[in-house]
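Okay, so here's the structure we're looking at.
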Amino acid sequence: MHIEQLEYIVKVAETGSISVAAENLHVSQSGISQSITRLEDELGVKIFNRFKRLGAVPTDEGKILIKKAYEVLVRLQEFKDEAQSYNTVISGNLKLSSIPGFMLFLLEPLSSYKNAFPNVNIEISERGTQHIIELVEKHQIDIGLITIYEDLIKNREDLKFEVILEGRMKVYVSKSSPLASQKFITPEQLMTQNVILYNGDYVIRFANDLINKFGPMNIVFTSDNTEVIKKAILEGLGISFGPDFSNQNDPYVLSGEIVPIEIINYEQEKIGVGWIRSENNHFSINTKKFLEHFKFHSRMLTHSSLHD
């Protein structure tokens with residue numbers, strides 16, 4: 001058995017055609033066909049059924065073996081990347097996507113990472129949690145930074161994740177609001193206020209739970225733009241709510257222009273923020289190194305929060 005044989009069966013499965021796979025891999029069609037036949041003979045298992053019209057179709061056993069072959073190739077590439085990192089300057093691309101509320105926290109780990117690896121090109125997009133998961137599953141990004149809750153990750157063996165920070169939902173009001181002097185707010189009080197709702201998966205989930213338990217909510221408008229929501233709060237159009245870890249470094253919160261208030265008499269679902277990636281996608285050295293910086297700054301943030 002040779003590594004190129006594993007590459008051949010994976011590429012034929014992806015394209016559904018030996019001829020197309022041969023063209024993509026820049027080898028002869030007969031070379032791929034003979035190599036796959038030798039592998040099938042060696043294993044004693046038929047991996048593909050070959051048809052004139054349908055092309056190469058994996059057998060049931062073949063589907064399992066092709067998946068295993070793909071996993072082997074991913075691990076082999078990780079091995080090569082790790083070895084290369086000890087001898088060469090790290091370069092290439094890093095594609096990541098983050099929920100909007102966490103973009104401010106990303107500045108420090110990104111700056112630290114870029115200083116350490118200036119030759120890496122970083123692409124960042126701002127998306128909602130569900131959209132980020134789709135991008136991860138399609139291998140369009142290397143890593144996503146999202147809010148993580150139990151239902152989101154249940155029975156998802158294809159996704160690798162780690163919760164970095166855990167927190168609670170808080171209400172956010174303008175410093176000129178009568179509520180600003182309060183340390184706590186109850187759900188009943190919250191339901192009497194005008195609410196500006198962020199259109200994020202967990203926030204919508206949180207709002208729906210409040211509505212189901214305490215009645216209608218006076219929602220002024222819903223927006224994907226966190227800056228618009230902050231400006232609306234400052235202008236007294238309403239209050240809003242969101243996870244504490246996504247707002248504790250916000251300039252408006254730090255300056256006292258926007259005041260966070262604890263919610264009491266309400267049992268909140270656990271919420272965290274962390275990274276997520278596809279188990280089936282190549283875990284590049286760029287992604288590994290970024291996660292090291294991300295985790296370090298997360299620990300520093302947690303430590304500083306404990307001493308505030």
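Following the order of the structure tokens, first chain is A, next is B, and so on, with residues numbered from 1 inside each chain and ligands from 1 in the order they appear.
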
Quiz item: Using the chain letters and numbers from this document, which residues of stretch 68-289 of chain A does DSSP assign to strand (DSSP E), as a PyMOL selection string?
Solution: chain A and resi 92-98+120-126+143-148+159-167+169-174+184-185+194-198+218-223+240-243+258-263+271-278

Could you write out the selected residues, including C-alpha atoms, as a JSON list (two decimals), in the first residue's frame?
```json
[["chain", "number", "residue", "atom", "x", "y", "z"],
["A", 92, "GLY", "CA", 0.21, 30.91, 3.84],
["A", 93, "ASN", "CA", -3.36, 31.80, 4.79],
["A", 94, "LEU", "CA", -5.55, 31.71, 7.86],
["A", 95, "LYS", "CA", -9.29, 32.08, 7.33],
["A", 96, "LEU", "CA", -11.51, 32.61, 10.33],
["A", 97, "SER", "CA", -14.94, 33.95, 11.11],
["A", 98, "SER", "CA", -16.30, 35.37, 14.36],
["A", 120, "VAL", "CA", 0.66, 34.64, 7.21],
["A", 121, "ASN", "CA", -2.22, 36.29, 5.37],
["A", 122, "ILE", "CA", -5.25, 36.55, 7.68],
["A", 123, "GLU", "CA", -8.82, 36.76, 6.38],
["A", 124, "ILE", "CA", -11.57, 37.57, 8.90],
["A", 125, "SER", "CA", -15.32, 37.69, 8.38],
["A", 126, "GLU", "CA", -18.14, 38.56, 10.76],
["A", 143, "ILE", "CA", -11.80, 28.06, 12.31],
["A", 144, "GLY", "CA", -14.89, 29.78, 13.70],
["A", 145, "LEU", "CA", -15.36, 31.70, 16.94],
["A", 146, "ILE", "CA", -18.94, 31.29, 18.12],
["A", 147, "THR", "CA", -21.31, 31.15, 21.05],
["A", 148, "ILE", "CA", -21.63, 27.53, 22.17],
["A", 159, "LEU", "CA", -17.10, 19.18, 14.65],
["A", 160, "LYS", "CA", -14.20, 19.77, 16.99],
["A", 161, "PHE", "CA", -14.75, 22.55, 19.53],
["A", 162, "GLU", "CA", -13.55, 24.00, 22.79],
["A", 163, "VAL", "CA", -15.28, 26.46, 25.11],
["A", 164, "ILE", "CA", -12.84, 29.24, 26.06],
["A", 165, "LEU", "CA", -15.01, 31.62, 28.09],
["A", 166, "GLU", "CA", -18.28, 31.07, 29.93],
["A", 167, "GLY", "CA", -20.65, 33.79, 30.99],
["A", 169, "MET", "CA", -26.61, 37.25, 29.71],
["A", 170, "LYS", "CA", -26.83, 40.80, 31.02],
["A", 171, "VAL", "CA", -29.07, 43.74, 30.24],
["A", 172, "TYR", "CA", -27.40, 46.85, 28.77],
["A", 173, "VAL", "CA", -28.86, 50.33, 29.28],
["A", 174, "SER", "CA", -27.80, 53.92, 28.70],
["A", 184, "PHE", "CA", -30.21, 43.95, 39.28],
["A", 185, "ILE", "CA", -33.23, 43.59, 37.03],
["A", 194, "ASN", "CA", -38.47, 48.72, 24.94],
["A", 195, "VAL", "CA", -35.94, 46.18, 23.68],
["A", 196, "ILE", "CA", -33.47, 46.44, 20.80],
["A", 197, "LEU", "CA", -32.69, 42.87, 19.85],
["A", 198, "TYR", "CA", -29.46, 41.62, 18.32],
["A", 218, "ASN", "CA", -41.69, 45.12, 23.49],
["A", 219, "ILE", "CA", -39.16, 44.72, 20.66],
["A", 220, "VAL", "CA", -38.48, 48.07, 18.95],
["A", 221, "PHE", "CA", -36.37, 46.52, 16.20],
["A", 222, "THR", "CA", -33.93, 43.70, 15.50],
["A", 223, "SER", "CA", -30.52, 44.24, 13.91],
["A", 240, "SER", "CA", -30.66, 45.40, 24.96],
["A", 241, "PHE", "CA", -29.06, 42.24, 26.28],
["A", 242, "GLY", "CA", -26.14, 40.02, 25.40],
["A", 243, "PRO", "CA", -23.41, 37.77, 26.87],
["A", 258, "ILE", "CA", -23.54, 51.91, 28.57],
["A", 259, "VAL", "CA", -24.25, 50.17, 31.88],
["A", 260, "PRO", "CA", -24.54, 46.36, 32.29],
["A", 261, "ILE", "CA", -27.12, 45.04, 34.76],
["A", 262, "GLU", "CA", -27.39, 41.53, 36.22],
["A", 263, "ILE", "CA", -30.60, 39.55, 35.58],
["A", 271, "ILE", "CA", -23.49, 29.88, 27.40],
["A", 272, "GLY", "CA", -19.89, 29.96, 26.30],
["A", 273, "VAL", "CA", -17.75, 31.26, 23.51],
["A", 274, "GLY", "CA", -15.03, 29.25, 21.89],
["A", 275, "TRP", "CA", -13.54, 27.91, 18.70],
["A", 276, "ILE", "CA", -14.95, 25.34, 16.35],
["A", 277, "ARG", "CA", -13.50, 23.55, 13.33],
["A", 278, "SER", "CA", -14.26, 20.56, 11.13]]
```

Quiz prompt | Residue neighbourhood A:Leu6, 9 Å, only C-alpha atoms, exclusion window fewer than 4 positions, as an NGL selection string | solution = :A and (1-2 or 10-11 or 36 or 39 or 66 or 69-70 or 72-73)

I need the residues from that last selection saved to file as a compact mmCIF listing (two decimals), in the first residue's frame (with C-alpha atoms), if you can.
```txt
# COMPACT_ATOMS: atom_id res chain seq x y z
CA MET A 1 0.00 0.00 0.00
CA HIS A 2 1.28 3.47 -0.94
CA VAL A 10 -10.14 9.98 -2.33
CA LYS A 11 -9.86 12.05 -5.52
CA ILE A 36 -6.70 1.27 -7.46
CA LEU A 39 -5.05 -1.74 -3.81
CA ILE A 66 -12.36 6.20 1.48
CA ALA A 69 -8.10 7.22 3.66
CA TYR A 70 -9.11 10.88 3.80
CA VAL A 72 -5.03 9.40 7.03
CA LEU A 73 -4.15 12.03 4.41
```

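Every protein or nucleic acid residue with an atom no more than 12 Å from A:Glu227, counting only C-alpha atoms and leaving out same-chain residues fewer than 3 positions away, appears here: Pro100, Gly101, Met103, Leu104, Ile196, Tyr198, Ser223, Asp224, Lys230, Lys231, Ala232, Ile233, Leu234, Asn247, Asp250, Pro251 and Tyr252 of chain A.
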
Quiz item: Got a sec to tell me which of stretch 9-183 of chain A DSSP assigns to alpha helix (DSSP H), as an NGL selection string?
Solution: :A and (9-15 or 18-25 or 29-43 or 60-85 or 103-116 or 129-137 or 150-153)

Exercise. Give me the residues within 12 Å of A:Leu54 as a ChimeraX atom specification, counting only C-alpha atoms and dropping any in the same chain fewer than 5 places off.
Key: /A:15-18,48-49

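Restricting the calculation to only C-alpha atoms, the smallest distance between A:Thr287 and any of A:Leu237, A:Val253, A:Ile141, A:Ile133 is found for A:Ile141.
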
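Atom CA of A:Asn212 is positioned 15.4 Å from atom CA of A:Gln189.
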
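Residues in contact range of A:Pro58, defined as at most 10 Å between only C-alpha atoms, with sequence neighbours fewer than 4 positions away removed, read Ile9, Val12, Ala13, Gly16, Lys46, Ile47, Phe48, Asn49, Arg50, Gly62, Lys63, Ile64, Leu65 and Ile66 of chain A.
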